[in-house]
Amino acid sequence: MDAAILKLNYRPNSLAQSLASERTHTLGVIVPDISNPFFPMLVRGAEDTAQKHGYTILLCNSDGLPEKEELYLDLLVSKRVDGILLTKAPGEFSPRIKQVLEDNKAPVVLMMRTYPSLTEDAVITDDLQGSFDAVSHLARVGHKRIAMVGGPLSVSNGRARLQGFKKALKAHGLAYDPSLIYQGDYRIESGHRAGLSVLPHRPDAVFVANYLMAVGLLLAAREMGLRCPEDFGLVTLDDYPWLQLFNPPLTAVELPKYEVGRAATELILDRIAGKNTPAQTLKIAPQLYVRESCGFNLHTKSLTRTATALN
């Protein structure tokens with residue numbers, strides 16, 4: 001039989017197989033911005049895990065637009081995917097798409113952002129803890145006036161990052177100044193606008209809620225003739241190998257992107273297999289990587305000079 005298959009160059013009919021098994025062995029994946037360096041690694045985690053279990057993925061980019069997101073949800077349902085991994089765009093679903101998803105039997109697992117009215121199954125990074133760690137480090141370095149360039153408050157991780165920022169200020173006895181807060185959209189352009197808005201208030205340091213906005217803020221700083229860390233310290237959320245090549249190297253809190261994609265895929269495959277365990281939201285811990293942009297070198301030198309003068 002095997003020899004005949006090879007001789008005839010036989011290819012199984014996947015459509016016929018899926019009709020017989022009621023499975024297509026495909027997963028839909030929707031992310032808001034595939035040009036954001038965060039999401040390729042998240043998708044890679046999902047794809048590697050899916051492939052190990054005999055699944056392929058259909059990748060869709062919503063551009064963070066609810067109408068485009070709903071278009072792709074319709075498409076994935078029509079393609080009879082076995083499950084959907086979703087990073088929710090800002091905004092609410094329309095009543096129609098809510099009904100489509102309720103009628104569809106394919107499970108949905110959220111990645112990076114929660115949306116309880118759809119499902120409690122989600123895998124996210126602990127953004128509140130990551131923001132708390134970042135701002136606490138700036139406070140320990142000696143910065144008193146700390147600004148924040150945050151994400152959209154219409155998504156759960158934007159709110160969590162702001163909560164972590166506020167919690168850290170309170171823990172270190174620092175004041176919350178609304179003039180030092182800017183709500184961006186996780187893109188370079190909004191980071192640039194944030195820099196032009198916040199840096200004239202001369203904060204000691206800035207916490208930026210993602211890498212792309214940090215790039216925009218540094219562009220604004222250069223236009224204004226300001227230098228990091230001499231004029232302001234900086235910590236960004238999420239780490240990449242090339243951040244060590246910046247001048248100065250950027251202090252960052254790593255969000256384990258690949259692990260989110262891997263764990264979300266494992267969870268959705270469990271749901272597809274019929275495991276009826278209670279819905280769960282898994283939080284994956286971040287990790288702080290200290291480099292020169294936070295200003296610790298300058299602070300250490302200042303303390304050394306002070307101690308020398310006192311002696």
# chains A, B, ... in the order shown; residues from 1 in each chain; ligands from 1
>>> residues_around(residues="Arg291 in chain A", least_positions_apart="3", cutoff="12 Å", atoms="only C-alpha atoms", output="VMD selection string")
chain A and resid 134 137 to 138 141 228 to 229 233 to 236 239 243 to 253 288 294 to 298
>>> write_last_selection(atoms="C-alpha atoms", output="mmCIF file, in the first residue's frame")
data_model
loop_
_atom_site.group_PDB
_atom_site.id
_atom_site.type_symbol
_atom_site.label_atom_id
_atom_site.label_comp_id
_atom_site.auth_asym_id
_atom_site.auth_seq_id
_atom_site.Cartn_x
_atom_site.Cartn_y
_atom_site.Cartn_z
ATOM 1 C CA ALA A 134 9.712 49.361 35.930
ATOM 2 C CA HIS A 137 13.267 50.687 39.623
ATOM 3 C CA LEU A 138 13.193 54.311 38.469
ATOM 4 C CA VAL A 141 17.487 54.953 41.172
ATOM 5 C CA CYS A 228 18.870 60.172 27.858
ATOM 6 C CA PRO A 229 19.878 59.503 30.618
ATOM 7 C CA GLY A 233 15.861 58.358 32.684
ATOM 8 C CA LEU A 234 13.878 55.864 30.611
ATOM 9 C CA VAL A 235 12.424 52.383 31.089
ATOM 10 C CA THR A 236 10.306 50.699 28.438
ATOM 11 C CA ASP A 239 12.646 43.810 25.593
ATOM 12 C CA LEU A 243 17.769 47.429 22.674
ATOM 13 C CA GLN A 244 21.301 46.756 23.907
ATOM 14 C CA LEU A 245 22.609 48.513 20.778
ATOM 15 C CA PHE A 246 20.791 51.792 21.476
ATOM 16 C CA ASN A 247 22.809 54.729 22.789
ATOM 17 C CA PRO A 248 22.260 54.415 25.688
ATOM 18 C CA PRO A 249 21.195 50.748 25.940
ATOM 19 C CA LEU A 250 17.549 50.705 27.034
ATOM 20 C CA THR A 251 16.402 49.370 30.388
ATOM 21 C CA ALA A 252 13.361 47.209 29.690
ATOM 22 C CA VAL A 253 10.858 44.864 31.284
ATOM 23 C CA LEU A 288 13.374 43.539 34.411
ATOM 24 C CA CYS A 294 17.415 54.384 33.487
ATOM 25 C CA GLY A 295 20.264 56.580 34.779
ATOM 26 C CA PHE A 296 21.597 54.282 37.490
ATOM 27 C CA ASN A 297 25.194 55.008 36.455
ATOM 28 C CA LEU A 298 24.672 58.751 36.860
#
>>> select_by_dssp(residues="range 136-261 of chain A", states="helix (DSSP H, G or I)", output="PyMOL selection string")
chain A and resi 136-141+156-171+178-180+188-201+211-223+241-245+257-261
>>> residues_around(residues="range 96-105 of chain A", least_positions_apart="4", cutoff="8 Å", atoms="only C-alpha atoms", output="ChimeraX atom specification")
/A:70,73-74,77,118
>>> closest_residue(among="A:Pro116, A:Gly28, A:Gly45, A:Gly158", to="Arg80 in chain A", atoms="only C-alpha atoms")
A:Gly28
>>> closest_residue(among="A:Ser197, A:Thr26, A:Ser154, A:Gln51", to="Ala89 in chain A", atoms="only C-alpha atoms")
A:Ser154
>>> select_by_dssp(residues="range 190-283 of chain A", states="strand (DSSP E)", output="VMD selection string")
chain A and resid 205 to 208 233 to 237 251 to 254 281 to 283
>>> write_last_selection(atoms="C-alpha atoms", output="JSON list (two decimals), in the first residue's frame")
[["chain", "number", "residue", "atom", "x", "y", "z"],
["A", 205, "ALA", "CA", 12.34, 59.90, 34.12],
["A", 206, "VAL", "CA", 9.77, 58.41, 31.76],
["A", 207, "PHE", "CA", 8.15, 54.98, 31.81],
["A", 208, "VAL", "CA", 6.97, 54.02, 28.31],
["A", 233, "GLY", "CA", 15.86, 58.36, 32.68],
["A", 234, "LEU", "CA", 13.88, 55.86, 30.61],
["A", 235, "VAL", "CA", 12.42, 52.38, 31.09],
["A", 236, "THR", "CA", 10.31, 50.70, 28.44],
["A", 237, "LEU", "CA", 7.98, 47.74, 28.63],
["A", 251, "THR", "CA", 16.40, 49.37, 30.39],
["A", 252, "ALA", "CA", 13.36, 47.21, 29.69],
["A", 253, "VAL", "CA", 10.86, 44.86, 31.28],
["A", 254, "GLU", "CA", 10.61, 41.76, 29.13],
["A", 281, "THR", "CA", -6.84, 33.58, 32.79],
["A", 282, "LEU", "CA", -3.14, 32.70, 32.90],
["A", 283, "LYS", "CA", -0.70, 35.48, 33.82]]
>>> atom_distance(atom1="CA of Asp270 in chain A", atom2="CA of Arg113 in chain A")
20.0 Å
>>> residues_around(residues="Arg187 in chain A", least_positions_apart="5", cutoff="10 Å", atoms="only C-alpha atoms", output="VMD selection string")
chain A and resid 33 35 to 36 151 192 210 to 216
>>> closest_residue(among="A:Val109, A:Ile272, A:Ala221, A:Ala279", to="Arg23 in chain A", atoms="only C-alpha atoms")
A:Ile272
>>> atom_distance(atom1="CA of Ala263 in chain A", atom2="CA of Val123 in chain A")
6.8 Å
>>> closest_residue(among="A:Gly150, A:Pro95, A:Pro241, A:Pro256", to="Gly195 in chain A", atoms="only C-alpha atoms")
A:Gly150
>>> closest_residue(among="A:Asp133, A:Glu92, A:Asp231, A:Asp121", to="Lys166 in chain A", atoms="only C-alpha atoms")
A:Asp133
>>> closest_residue(among="A:Leu218, A:Leu128, A:Leu196, A:Ile268", to="Val29 in chain A", atoms="only C-alpha atoms")
A:Ile268
